[in-house]
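Heads up: the structure comes next, in structure tokens.
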Amino acid sequence: MAGLLRASEEGLKIIDMVRRNLEWNKTEDTWCKAALTSKATLRRFWAQNRIRRETFIDICKAVGINNWEDIIERNDIKQTELLLAAAIADIPQDNQTDRTFPLPENLPPVRNWVQRTKELEILKTTIVNSDITAISIVGLPGIGKTTLISQLIRQLHTENTPFTCAAWQSLQSATGKAPPCDRTIDSLLFTLSNGDITTAVTPQEDSFQKIEKLIKIIKAKPCLIVFDRADTLLKTGEAKAAGYFADDCAEYAWLFKQLLETEHQSKILFTSRESLAELPPTVTREIQLNGLDRDSAISLLQSFNLTANAEELAEMGDRYSGHPKALQLVAALIRDDTEFQGNVGNFLHQRDWLLIRDIERLIEKILARLSEGEQTCLSRISVYQTSEYPLSFAGISAQMPEVSKYELKENIIQALKRRQLLYYDRHLKSYQLHPLIREKGEHLLNQNPENVRTAHSQAYNYYISIPLKPESEWQDIEDIQPLIRAHYHASQAQDLDAANAIISEVCEYLRQWNCAGLVCGNIELPLLIEKPYFTN
């Protein structure tokens, strides 16, 4: 039977000798706990009955035998090619209408699901009705990539799709690095062959030979293969290398190249916190996953049974730009902390910042992957208020005078975009930072007060240099927005002379347009005293 193993006579002698050295009996409680199994299963093992492959391996490893293949009854193992043929033979007939596939055993759970209907439809259409071989879902940590793909697999499982099997491979580990590629390939072969192809069957084969077998399977029957957390394979600490595979992940790069560039019936899905720059663009589509819309964010918050009105829930969702993980962490804090006692209004009134500690730890993991130039750029551009005025390349360049425009555009900005920390909004025609990233950038900048003043001074110089309409054509505050921004940054840089000079130039217009109050919020108190025409 597929995926079941039994011990040989010689194998039992080896096991018996080892367990005697440990002074264990054949159904030792310690053995059961170490192997995560029962005494009944151990008795079946000693009786040479077939048991699940994973349990068999755990029983061997619990007594220190890592080469568990030596314990198997070799006569029970079929020839590799016969197993491969069996694995690819189970293909549905063309007239089969009720197609489905078993869900992967390690498919992540879906909790607090909110209706990402649009995203699911885009994914389904691309997977089923296009020639695209692979889809890469990218976005900030906690934005919902894994949950979205897990939900997608569950829905495809219940629908009439061409797929006959699915495999889920997590590339995340406790060390932060991906598991060895050979282990991942073994897992794929085992799953997609329905347990027929195991490492006991292919003990002498290298990764390239195993990849050939994997290609044969996905050519013969349509499979869904998910690689979750592919960012663990990528280089860190170097802007120009962002999105490229690390040197010690060359085998993974080769595996993906073969899966994507070979013609077959299957589809490959990736989730990643960074863009995968080396995937062939002709057969790959990258989809950036953003936050939840307002209604979905409110629904998520409501699932925590908080005390709040509709306006407060909407404000919470907007503050965090619909970031699901951040909203869940904040909602749990509000629900459980005795200071808030489930009251959203209390939280909103007491906090004028976003990064509670658990969220900040999430962001810090991304920033740890950045080069020094990326961190410098990110912290400096955090002084811009992009909701007030579009951030252009010129604005970013003003903050990085020490690097060439080529280096800034092709390496630093490109790296920040690939790492999902900076993005270009085609509707606003400007660069944007997620509120969580912007606030963390401010924290980095504020570690040195002189850096804060310098960044605001450079922002002032940028805005003051933007050409305006002739003064005779000024109609409303939008015509002088660069000056308003320049005034704000001069004030933050504590350059009161520059701030005063700007207000002196535009004060009469602000009074005519009844806009003085909009600007006063950004004016330091000494300026208000010197300019009595802003008082009522």
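The chains in the structure tokens are called A, B, ... from first to last as shown; in each chain the residues are counted from 1, and the ligands are counted from 1 in the order shown.
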
Rows by chain and residue number, stretch 135-165 of chain A within 8 Å of stretch 270-283 of chain A, shortest pair, only C-alpha atoms, as a tab-separated table:
```
residue	atom	partner	partner_atom	distance
A:Ile135	CA	A:Phe270	CA	6.2
A:Ser136	CA	A:Phe270	CA	4.6
A:Ile137	CA	A:Thr271	CA	4.8
A:Val138	CA	A:Ser272	CA	4.9
A:Gly139	CA	A:Arg273	CA	5.2
A:Leu140	CA	A:Arg273	CA	5.6
A:Pro141	CA	A:Arg273	CA	6.1
A:Lys145	CA	A:Thr271	CA	6.2
A:Thr146	CA	A:Thr271	CA	6.7
```

Give me, as a PDB file with N, CA, C and O atoms, in the first residue's frame, all polymer residues having an atom no more than 10 Å from A:Gln328, counting only C-alpha atoms and skipping those fewer than 2 positions away in the same chain.
```pdb
ATOM      1  N   ASN A 112     -10.482  33.370  10.860  1.00  0.00           N
ATOM      2  CA  ASN A 112     -10.915  34.763  10.702  1.00  0.00           C
ATOM      3  C   ASN A 112     -10.971  35.156   9.227  1.00  0.00           C
ATOM      4  O   ASN A 112     -10.528  36.250   8.845  1.00  0.00           O
ATOM      5  N   GLY A 142       2.059  39.166   7.195  1.00  0.00           N
ATOM      6  CA  GLY A 142       0.784  39.344   7.872  1.00  0.00           C
ATOM      7  C   GLY A 142      -0.326  39.898   7.011  1.00  0.00           C
ATOM      8  O   GLY A 142      -1.448  40.093   7.486  1.00  0.00           O
ATOM      9  N   ALA A 297     -12.379  44.901   6.732  1.00  0.00           N
ATOM     10  CA  ALA A 297     -11.633  45.207   7.950  1.00  0.00           C
ATOM     11  C   ALA A 297     -12.580  45.318   9.145  1.00  0.00           C
ATOM     12  O   ALA A 297     -12.283  44.825  10.244  1.00  0.00           O
ATOM     13  N   LEU A 300     -13.690  41.871  10.220  1.00  0.00           N
ATOM     14  CA  LEU A 300     -12.632  41.202  10.969  1.00  0.00           C
ATOM     15  C   LEU A 300     -12.600  41.686  12.416  1.00  0.00           C
ATOM     16  O   LEU A 300     -12.519  40.895  13.363  1.00  0.00           O
ATOM     17  N   LEU A 301     -12.677  42.995  12.612  1.00  0.00           N
ATOM     18  CA  LEU A 301     -12.663  43.557  13.960  1.00  0.00           C
ATOM     19  C   LEU A 301     -13.894  43.119  14.756  1.00  0.00           C
ATOM     20  O   LEU A 301     -13.808  42.833  15.960  1.00  0.00           O
ATOM     21  N   SER A 303     -15.379  40.374  14.665  1.00  0.00           N
ATOM     22  CA  SER A 303     -15.269  38.982  15.108  1.00  0.00           C
ATOM     23  C   SER A 303     -14.627  38.871  16.485  1.00  0.00           C
ATOM     24  O   SER A 303     -14.677  37.801  17.115  1.00  0.00           O
ATOM     25  N   PHE A 304     -14.028  39.959  16.977  1.00  0.00           N
ATOM     26  CA  PHE A 304     -13.407  39.958  18.302  1.00  0.00           C
ATOM     27  C   PHE A 304     -14.367  40.468  19.387  1.00  0.00           C
ATOM     28  O   PHE A 304     -13.949  40.624  20.536  1.00  0.00           O
ATOM     29  N   HIS A 323      -4.573  46.113   7.176  1.00  0.00           N
ATOM     30  CA  HIS A 323      -3.595  45.039   7.359  1.00  0.00           C
ATOM     31  C   HIS A 323      -4.172  43.992   8.312  1.00  0.00           C
ATOM     32  O   HIS A 323      -4.362  44.261   9.501  1.00  0.00           O
ATOM     33  N   PRO A 324      -4.462  42.771   7.831  1.00  0.00           N
ATOM     34  CA  PRO A 324      -5.192  41.791   8.651  1.00  0.00           C
ATOM     35  C   PRO A 324      -4.477  41.411   9.940  1.00  0.00           C
ATOM     36  O   PRO A 324      -5.089  41.384  11.008  1.00  0.00           O
ATOM     37  N   LYS A 325      -3.191  41.090   9.871  1.00  0.00           N
ATOM     38  CA  LYS A 325      -2.472  40.648  11.064  1.00  0.00           C
ATOM     39  C   LYS A 325      -2.400  41.770  12.091  1.00  0.00           C
ATOM     40  O   LYS A 325      -2.604  41.529  13.295  1.00  0.00           O
ATOM     41  N   ALA A 326      -2.127  42.991  11.631  1.00  0.00           N
ATOM     42  CA  ALA A 326      -2.057  44.117  12.559  1.00  0.00           C
ATOM     43  C   ALA A 326      -3.405  44.339  13.237  1.00  0.00           C
ATOM     44  O   ALA A 326      -3.475  44.569  14.452  1.00  0.00           O
ATOM     45  N   VAL A 330      -4.048  44.087  17.271  1.00  0.00           N
ATOM     46  CA  VAL A 330      -4.583  45.227  18.005  1.00  0.00           C
ATOM     47  C   VAL A 330      -5.924  44.877  18.628  1.00  0.00           C
ATOM     48  O   VAL A 330      -6.205  45.223  19.787  1.00  0.00           O
ATOM     49  N   ALA A 331      -6.775  44.174  17.870  1.00  0.00           N
ATOM     50  CA  ALA A 331      -8.089  43.789  18.400  1.00  0.00           C
ATOM     51  C   ALA A 331      -7.933  42.884  19.617  1.00  0.00           C
ATOM     52  O   ALA A 331      -8.673  43.023  20.606  1.00  0.00           O
ATOM     53  N   ALA A 332      -6.988  41.947  19.578  1.00  0.00           N
ATOM     54  CA  ALA A 332      -6.756  41.061  20.723  1.00  0.00           C
ATOM     55  C   ALA A 332      -6.260  41.855  21.930  1.00  0.00           C
ATOM     56  O   ALA A 332      -6.652  41.575  23.072  1.00  0.00           O
ATOM     57  N   LEU A 333      -5.410  42.856  21.682  1.00  0.00           N
ATOM     58  CA  LEU A 333      -4.926  43.708  22.772  1.00  0.00           C
ATOM     59  C   LEU A 333      -6.081  44.472  23.414  1.00  0.00           C
ATOM     60  O   LEU A 333      -6.214  44.510  24.643  1.00  0.00           O
ATOM     61  N   ILE A 334      -6.924  45.067  22.582  1.00  0.00           N
ATOM     62  CA  ILE A 334      -8.062  45.834  23.104  1.00  0.00           C
ATOM     63  C   ILE A 334      -9.003  44.923  23.887  1.00  0.00           C
ATOM     64  O   ILE A 334      -9.513  45.289  24.953  1.00  0.00           O
TER      65      ILE A 334
END
```

Neighbour list for stretch 348-365 of chain A as a short mmCIF file (atom, residue, chain, number, x, y, z; two decimals) with all heavy atoms, in the first residue's frame, cut-off 10 Å, only C-alpha atoms, skip fewer than 3 positions in-chain:
```cif
data_model
loop_
_atom_site.label_atom_id
_atom_site.label_comp_id
_atom_site.auth_asym_id
_atom_site.auth_seq_id
_atom_site.Cartn_x
_atom_site.Cartn_y
_atom_site.Cartn_z
N LEU A 140 3.45 42.40 2.26
CA LEU A 140 4.02 42.53 3.59
C LEU A 140 3.71 41.30 4.44
O LEU A 140 2.70 40.62 4.21
CB LEU A 140 3.47 43.76 4.29
CG LEU A 140 3.90 45.13 3.77
CD1 LEU A 140 3.11 46.24 4.46
CD2 LEU A 140 5.39 45.34 3.98
N PRO A 141 4.54 40.99 5.43
CA PRO A 141 4.19 39.90 6.34
C PRO A 141 2.89 40.19 7.06
O PRO A 141 2.63 41.33 7.46
CB PRO A 141 5.38 39.86 7.32
CG PRO A 141 6.03 41.20 7.21
CD PRO A 141 5.81 41.64 5.79
N GLY A 142 2.06 39.17 7.20
CA GLY A 142 0.78 39.34 7.87
C GLY A 142 -0.33 39.90 7.01
O GLY A 142 -1.45 40.09 7.49
N GLU A 312 -15.80 54.17 14.75
CA GLU A 312 -14.56 53.76 15.42
C GLU A 312 -13.93 52.56 14.72
O GLU A 312 -12.71 52.50 14.55
CB GLU A 312 -14.85 53.46 16.88
CG GLU A 312 -15.16 54.71 17.71
CD GLU A 312 -15.71 54.38 19.09
OE1 GLU A 312 -16.25 53.26 19.26
OE2 GLU A 312 -15.60 55.23 19.99
N LEU A 313 -14.76 51.61 14.32
CA LEU A 313 -14.23 50.44 13.61
C LEU A 313 -13.65 50.84 12.27
O LEU A 313 -12.60 50.34 11.85
CB LEU A 313 -15.34 49.40 13.43
CG LEU A 313 -15.84 48.72 14.70
CD1 LEU A 313 -17.01 47.79 14.37
CD2 LEU A 313 -14.73 47.94 15.38
N GLU A 315 -12.38 53.77 11.54
CA GLU A 315 -11.13 54.48 11.79
C GLU A 315 -9.99 53.50 12.07
O GLU A 315 -8.87 53.70 11.61
CB GLU A 315 -11.29 55.43 12.98
CG GLU A 315 -10.03 56.25 13.26
CD GLU A 315 -10.19 57.23 14.41
OE1 GLU A 315 -11.34 57.45 14.85
OE2 GLU A 315 -9.15 57.77 14.87
N MET A 316 -10.28 52.44 12.81
CA MET A 316 -9.27 51.43 13.07
C MET A 316 -8.79 50.79 11.77
O MET A 316 -7.59 50.64 11.53
CB MET A 316 -9.84 50.35 13.99
CG MET A 316 -9.88 50.74 15.45
SD MET A 316 -8.25 50.64 16.23
CE MET A 316 -8.00 48.87 16.22
N ARG A 319 -6.68 53.33 9.81
CA ARG A 319 -5.38 53.59 10.41
C ARG A 319 -4.35 52.56 9.97
O ARG A 319 -3.19 52.89 9.71
CB ARG A 319 -5.47 53.56 11.95
CG ARG A 319 -5.94 54.85 12.59
CD ARG A 319 -5.68 54.78 14.10
NE ARG A 319 -6.18 55.96 14.78
CZ ARG A 319 -5.92 56.23 16.06
NH1 ARG A 319 -5.18 55.40 16.77
NH2 ARG A 319 -6.40 57.32 16.63
N TYR A 320 -4.78 51.31 9.92
CA TYR A 320 -3.85 50.22 9.59
C TYR A 320 -3.94 49.79 8.13
O TYR A 320 -3.39 48.76 7.75
CB TYR A 320 -4.12 49.03 10.52
CG TYR A 320 -3.68 49.29 11.94
CD1 TYR A 320 -4.56 49.82 12.88
CD2 TYR A 320 -2.37 49.05 12.33
CE1 TYR A 320 -4.15 50.09 14.18
CE2 TYR A 320 -1.95 49.30 13.62
CZ TYR A 320 -2.84 49.83 14.54
OH TYR A 320 -2.41 50.09 15.83
N LYS A 325 -3.19 41.09 9.87
CA LYS A 325 -2.47 40.65 11.06
C LYS A 325 -2.40 41.77 12.09
O LYS A 325 -2.60 41.53 13.29
CB LYS A 325 -1.06 40.20 10.69
CG LYS A 325 -0.27 39.61 11.85
CD LYS A 325 -0.87 38.30 12.31
CE LYS A 325 0.01 37.61 13.34
NZ LYS A 325 -0.57 36.32 13.79
N ALA A 326 -2.13 42.99 11.63
CA ALA A 326 -2.06 44.12 12.56
C ALA A 326 -3.40 44.34 13.24
O ALA A 326 -3.47 44.57 14.45
CB ALA A 326 -1.61 45.38 11.82
N LEU A 327 -4.48 44.26 12.46
CA LEU A 327 -5.81 44.45 13.03
C LEU A 327 -6.13 43.35 14.06
O LEU A 327 -6.73 43.63 15.11
CB LEU A 327 -6.86 44.46 11.93
CG LEU A 327 -6.86 45.69 11.01
CD1 LEU A 327 -7.85 45.49 9.86
CD2 LEU A 327 -7.20 46.95 11.78
N LEU A 329 -3.94 41.64 15.88
CA LEU A 329 -3.11 41.85 17.07
C LEU A 329 -3.65 42.99 17.93
O LEU A 329 -3.72 42.89 19.16
CB LEU A 329 -1.66 42.13 16.66
CG LEU A 329 -0.89 40.95 16.06
CD1 LEU A 329 0.46 41.42 15.53
CD2 LEU A 329 -0.69 39.86 17.11
N VAL A 330 -4.05 44.09 17.27
CA VAL A 330 -4.58 45.23 18.00
C VAL A 330 -5.92 44.88 18.63
O VAL A 330 -6.20 45.22 19.79
CB VAL A 330 -4.72 46.45 17.07
CG1 VAL A 330 -5.46 47.58 17.77
CG2 VAL A 330 -3.34 46.94 16.64
N LEU A 333 -5.41 42.86 21.68
CA LEU A 333 -4.93 43.71 22.77
C LEU A 333 -6.08 44.47 23.41
O LEU A 333 -6.21 44.51 24.64
CB LEU A 333 -3.88 44.69 22.24
CG LEU A 333 -3.40 45.77 23.22
CD1 LEU A 333 -2.63 45.15 24.38
CD2 LEU A 333 -2.54 46.80 22.50
N PHE A 340 -8.09 48.65 28.41
CA PHE A 340 -9.07 49.00 27.37
C PHE A 340 -10.40 48.27 27.55
O PHE A 340 -11.44 48.78 27.14
CB PHE A 340 -8.49 48.69 25.99
CG PHE A 340 -7.17 49.34 25.74
CD1 PHE A 340 -6.03 48.58 25.56
CD2 PHE A 340 -7.06 50.72 25.71
CE1 PHE A 340 -4.79 49.18 25.34
CE2 PHE A 340 -5.83 51.33 25.49
CZ PHE A 340 -4.70 50.55 25.31
N ASN A 343 -12.87 48.17 24.67
CA ASN A 343 -13.43 49.42 24.15
C ASN A 343 -12.49 50.05 23.12
O ASN A 343 -11.39 50.50 23.46
CB ASN A 343 -13.68 50.40 25.30
CG ASN A 343 -14.52 51.58 24.86
OD1 ASN A 343 -14.12 52.37 24.01
ND2 ASN A 343 -15.71 51.71 25.46
N VAL A 344 -12.92 50.06 21.87
CA VAL A 344 -12.09 50.60 20.78
C VAL A 344 -11.87 52.10 20.95
O VAL A 344 -10.79 52.62 20.69
CB VAL A 344 -12.73 50.29 19.42
CG1 VAL A 344 -11.97 50.98 18.29
CG2 VAL A 344 -12.78 48.79 19.18
N GLY A 345 -12.90 52.80 21.41
CA GLY A 345 -12.77 54.25 21.59
C GLY A 345 -11.67 54.60 22.56
O GLY A 345 -10.91 55.56 22.33
N ALA A 368 15.46 43.86 8.87
CA ALA A 368 16.74 43.18 9.09
C ALA A 368 17.35 42.67 7.79
O ALA A 368 18.54 42.38 7.72
CB ALA A 368 16.55 42.02 10.06
N ARG A 369 16.54 42.57 6.74
CA ARG A 369 17.03 42.07 5.44
C ARG A 369 17.57 43.19 4.55
O ARG A 369 18.12 42.92 3.49
CB ARG A 369 15.88 41.36 4.71
CG ARG A 369 15.31 40.17 5.47
CD ARG A 369 14.08 39.59 4.77
NE ARG A 369 14.38 39.07 3.45
CZ ARG A 369 14.84 37.85 3.20
NH1 ARG A 369 15.06 37.01 4.19
NH2 ARG A 369 15.09 37.45 1.97
N LEU A 370 17.42 44.44 4.99
CA LEU A 370 17.78 45.58 4.14
C LEU A 370 19.28 45.90 4.21
O LEU A 370 19.94 45.64 5.21
CB LEU A 370 17.00 46.83 4.56
CG LEU A 370 15.63 47.05 3.91
CD1 LEU A 370 14.70 45.88 4.18
CD2 LEU A 370 15.01 48.34 4.43
N LEU A 421 8.20 47.30 0.50
CA LEU A 421 8.25 48.39 1.48
C LEU A 421 7.93 49.74 0.85
O LEU A 421 7.55 50.67 1.56
CB LEU A 421 9.64 48.44 2.12
CG LEU A 421 10.06 47.16 2.86
CD1 LEU A 421 11.46 47.31 3.41
CD2 LEU A 421 9.08 46.83 3.96
N PRO A 435 1.42 52.71 6.14
CA PRO A 435 1.51 53.44 7.42
C PRO A 435 2.41 52.75 8.44
O PRO A 435 3.12 53.43 9.19
CB PRO A 435 0.06 53.48 7.90
CG PRO A 435 -0.75 53.42 6.65
CD PRO A 435 0.02 52.55 5.72
N LEU A 436 2.39 51.42 8.49
CA LEU A 436 3.25 50.71 9.45
C LEU A 436 4.72 50.89 9.11
O LEU A 436 5.57 51.06 10.00
CB LEU A 436 2.89 49.23 9.47
CG LEU A 436 1.48 48.86 9.92
CD1 LEU A 436 1.25 47.36 9.80
CD2 LEU A 436 1.23 49.32 11.35
N ILE A 437 5.04 50.86 7.82
CA ILE A 437 6.43 51.02 7.39
C ILE A 437 6.89 52.45 7.61
O ILE A 437 8.02 52.70 8.06
CB ILE A 437 6.58 50.63 5.91
CG1 ILE A 437 6.12 49.18 5.69
CG2 ILE A 437 8.02 50.82 5.45
CD1 ILE A 437 6.87 48.16 6.52
N GLU A 439 5.83 54.57 9.87
CA GLU A 439 6.04 54.84 11.29
C GLU A 439 7.34 54.18 11.78
O GLU A 439 8.07 54.77 12.58
CB GLU A 439 4.86 54.32 12.11
CG GLU A 439 4.93 54.71 13.58
CD GLU A 439 3.63 54.46 14.31
OE1 GLU A 439 2.61 55.07 13.94
OE2 GLU A 439 3.66 53.65 15.26
N LYS A 440 7.63 52.98 11.30
CA LYS A 440 8.89 52.34 11.68
C LYS A 440 10.08 53.13 11.13
O LYS A 440 11.12 53.26 11.81
CB LYS A 440 8.93 50.90 11.18
CG LYS A 440 10.18 50.14 11.61
CD LYS A 440 10.32 50.10 13.12
CE LYS A 440 11.59 49.37 13.55
NZ LYS A 440 11.77 49.36 15.02
N HIS A 443 10.72 55.90 13.45
CA HIS A 443 11.42 55.43 14.65
C HIS A 443 12.92 55.33 14.39
O HIS A 443 13.74 55.72 15.23
CB HIS A 443 10.88 54.07 15.07
CG HIS A 443 9.51 54.13 15.67
ND1 HIS A 443 8.91 53.06 16.29
CD2 HIS A 443 8.61 55.14 15.75
CE1 HIS A 443 7.71 53.40 16.71
NE2 HIS A 443 7.50 54.65 16.38
#
```

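Selecting strand (DSSP E or B) from the backbone DSSP output for stretch 57-264 of chain A yields A:Ile72, A:Ala134, A:Ile135, A:Ser136, A:Ile137, A:Val138, A:Cys165, A:Ala166, A:Ala167, A:Trp168, A:Gln169, A:Ser170, A:Cys223, A:Leu224, A:Ile225, A:Val226, A:Phe227, A:Asp228, A:Leu234, A:Phe245.
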
Using only C-alpha atoms, tabulate the residues of stretch 401-451 of chain A lying at most 8 Å from any atom of stretch 371-387 of chain A, each with its closest atom pair and that distance in Å to one decimal, by chain and increasing residue number, as JSON lines.
```
{"residue": "A:Ile412", "atom": "CA", "partner": "A:Glu374", "partner_atom": "CA", "distance": 5.6}
{"residue": "A:Ile413", "atom": "CA", "partner": "A:Glu374", "partner_atom": "CA", "distance": 7.7}
{"residue": "A:Ala415", "atom": "CA", "partner": "A:Glu374", "partner_atom": "CA", "distance": 7.5}
{"residue": "A:Leu416", "atom": "CA", "partner": "A:Glu374", "partner_atom": "CA", "distance": 6.7}
{"residue": "A:Gln432", "atom": "CA", "partner": "A:Thr386", "partner_atom": "CA", "distance": 6.7}
{"residue": "A:Leu433", "atom": "CA", "partner": "A:Ser382", "partner_atom": "CA", "distance": 7.9}
{"residue": "A:Arg438", "atom": "CA", "partner": "A:Ser382", "partner_atom": "CA", "distance": 5.1}
{"residue": "A:Glu439", "atom": "CA", "partner": "A:Ser382", "partner_atom": "CA", "distance": 7.2}
{"residue": "A:Lys440", "atom": "CA", "partner": "A:Ser379", "partner_atom": "CA", "distance": 7.9}
{"residue": "A:Gly441", "atom": "CA", "partner": "A:Ser379", "partner_atom": "CA", "distance": 4.1}
{"residue": "A:Glu442", "atom": "CA", "partner": "A:Ser382", "partner_atom": "CA", "distance": 5.7}
{"residue": "A:His443", "atom": "CA", "partner": "A:Ser379", "partner_atom": "CA", "distance": 7.9}
{"residue": "A:Leu444", "atom": "CA", "partner": "A:Ser379", "partner_atom": "CA", "distance": 5.9}
{"residue": "A:Leu445", "atom": "CA", "partner": "A:Ser379", "partner_atom": "CA", "distance": 5.3}
```

Next on the checklist: Would you pick out the contacts of A:Cys165 at 10 Å or less, using only C-alpha atoms, so that residues sharing its chain but fewer than 4 positions from it are not included, and give the list as a count of residues only?
Outcome noted: 18

Next on the checklist: Would you pick out the contacts of A:Tyr509 at 10 Å or less, using only C-alpha atoms, so that residues sharing its chain but fewer than 4 positions from it are not included, and give the list as a PyMOL selection string?
Outcome noted: chain A and resi 474-477+480+503+505+513-516

Checklist entry - So, counting only C-alpha atoms, which residue among A:Glu238, A:Asp293, A:Asp318, A:Asp336 is closest to A:Asn305? => result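 For A:Asn305, the nearest of the given residues is A:Asp336.
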
Next on the checklist: If DSSP is run on the backbone, what residues of stretch 252-447 of chain A are alpha helix (DSSP H)? A reply as a ChimeraX atom specification would be ideal.
Outcome noted: /A:252-261,294-302,310-319,324-336,344-350,357-367,372-381,393-399,405-406,414-418,435-445

Checklist entry - Looking at only C-alpha atoms, which of A:Asn160, A:Ser392, A:Gln169, A:Thr27 is the one that sits closest to A:Leu107? => result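 That would be A:Gln169, the residue with the smallest distance to A:Leu107.
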
Checklist entry - Which residue gives the smallest distance to A:Gly395 among A:Ile466, A:Ala253, A:Val201, A:Leu367, with only C-alpha atoms counted? => result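 When distances to A:Gly395 are compared using only C-alpha atoms, the smallest one comes from A:Ile466.
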
Excluding A:Gln481 and residues on its chain fewer than 5 positions from it, collect all residues at most 9 Å away from it, counting only C-alpha atoms, and give them as a PDB file with all heavy atoms, in the first residue's frame.
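This went into out-v1.pdb:
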```
ATOM      1  N   GLU A 388      -0.674  64.287   1.945  1.00  0.00           N
ATOM      2  CA  GLU A 388      -0.808  65.722   1.702  1.00  0.00           C
ATOM      3  C   GLU A 388      -0.268  66.146   0.342  1.00  0.00           C
ATOM      4  O   GLU A 388      -0.751  67.103  -0.264  1.00  0.00           O
ATOM      5  CB  GLU A 388      -0.071  66.508   2.796  1.00  0.00           C
ATOM      6  CG  GLU A 388      -0.571  66.242   4.204  1.00  0.00           C
ATOM      7  CD  GLU A 388      -1.983  66.738   4.415  1.00  0.00           C
ATOM      8  OE1 GLU A 388      -2.380  67.703   3.740  1.00  0.00           O
ATOM      9  OE2 GLU A 388      -2.700  66.152   5.251  1.00  0.00           O
ATOM     10  N   TYR A 389       0.749  65.429  -0.144  1.00  0.00           N
ATOM     11  CA  TYR A 389       1.360  65.807  -1.423  1.00  0.00           C
ATOM     12  C   TYR A 389       2.044  64.579  -2.011  1.00  0.00           C
ATOM     13  O   TYR A 389       2.711  63.829  -1.295  1.00  0.00           O
ATOM     14  CB  TYR A 389       2.378  66.934  -1.219  1.00  0.00           C
ATOM     15  CG  TYR A 389       2.766  67.632  -2.501  1.00  0.00           C
ATOM     16  CD1 TYR A 389       2.018  68.704  -2.983  1.00  0.00           C
ATOM     17  CD2 TYR A 389       3.866  67.200  -3.251  1.00  0.00           C
ATOM     18  CE1 TYR A 389       2.368  69.347  -4.157  1.00  0.00           C
ATOM     19  CE2 TYR A 389       4.206  67.824  -4.431  1.00  0.00           C
ATOM     20  CZ  TYR A 389       3.459  68.907  -4.886  1.00  0.00           C
ATOM     21  OH  TYR A 389       3.793  69.538  -6.066  1.00  0.00           O
ATOM     22  N   TYR A 463      10.754  70.972  -1.686  1.00  0.00           N
ATOM     23  CA  TYR A 463       9.458  71.608  -1.942  1.00  0.00           C
ATOM     24  C   TYR A 463       9.605  73.065  -2.368  1.00  0.00           C
ATOM     25  O   TYR A 463       8.854  73.550  -3.225  1.00  0.00           O
ATOM     26  CB  TYR A 463       8.567  71.522  -0.702  1.00  0.00           C
ATOM     27  CG  TYR A 463       7.929  70.167  -0.518  1.00  0.00           C
ATOM     28  CD1 TYR A 463       8.211  69.387   0.599  1.00  0.00           C
ATOM     29  CD2 TYR A 463       7.044  69.667  -1.468  1.00  0.00           C
ATOM     30  CE1 TYR A 463       7.622  68.151   0.762  1.00  0.00           C
ATOM     31  CE2 TYR A 463       6.458  68.428  -1.313  1.00  0.00           C
ATOM     32  CZ  TYR A 463       6.745  67.658  -0.203  1.00  0.00           C
ATOM     33  OH  TYR A 463       6.169  66.431  -0.053  1.00  0.00           O
ATOM     34  N   ALA A 486       6.626  72.990   2.257  1.00  0.00           N
ATOM     35  CA  ALA A 486       7.932  73.548   2.613  1.00  0.00           C
ATOM     36  C   ALA A 486       7.875  74.192   3.995  1.00  0.00           C
ATOM     37  O   ALA A 486       8.807  74.050   4.808  1.00  0.00           O
ATOM     38  CB  ALA A 486       8.372  74.564   1.573  1.00  0.00           C
TER      39      ALA A 486
END
```

Checklist entry - Which one is closest to A:Glu73: A:Leu408, A:Arg111, A:Leu12, A:Ser130? Count only C-alpha atoms. => result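 Selected residue with least distance to A:Glu73: A:Leu12.
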
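Restricting the calculation to only C-alpha atoms, the smallest distance between A:Thr307 and any of A:Trp31, A:Tyr244, A:Phe347, A:Trp24 is found for A:Phe347.
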
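The space between atom CA of A:Ile65 and atom CA of A:Pro179 spans 20.6 Å.
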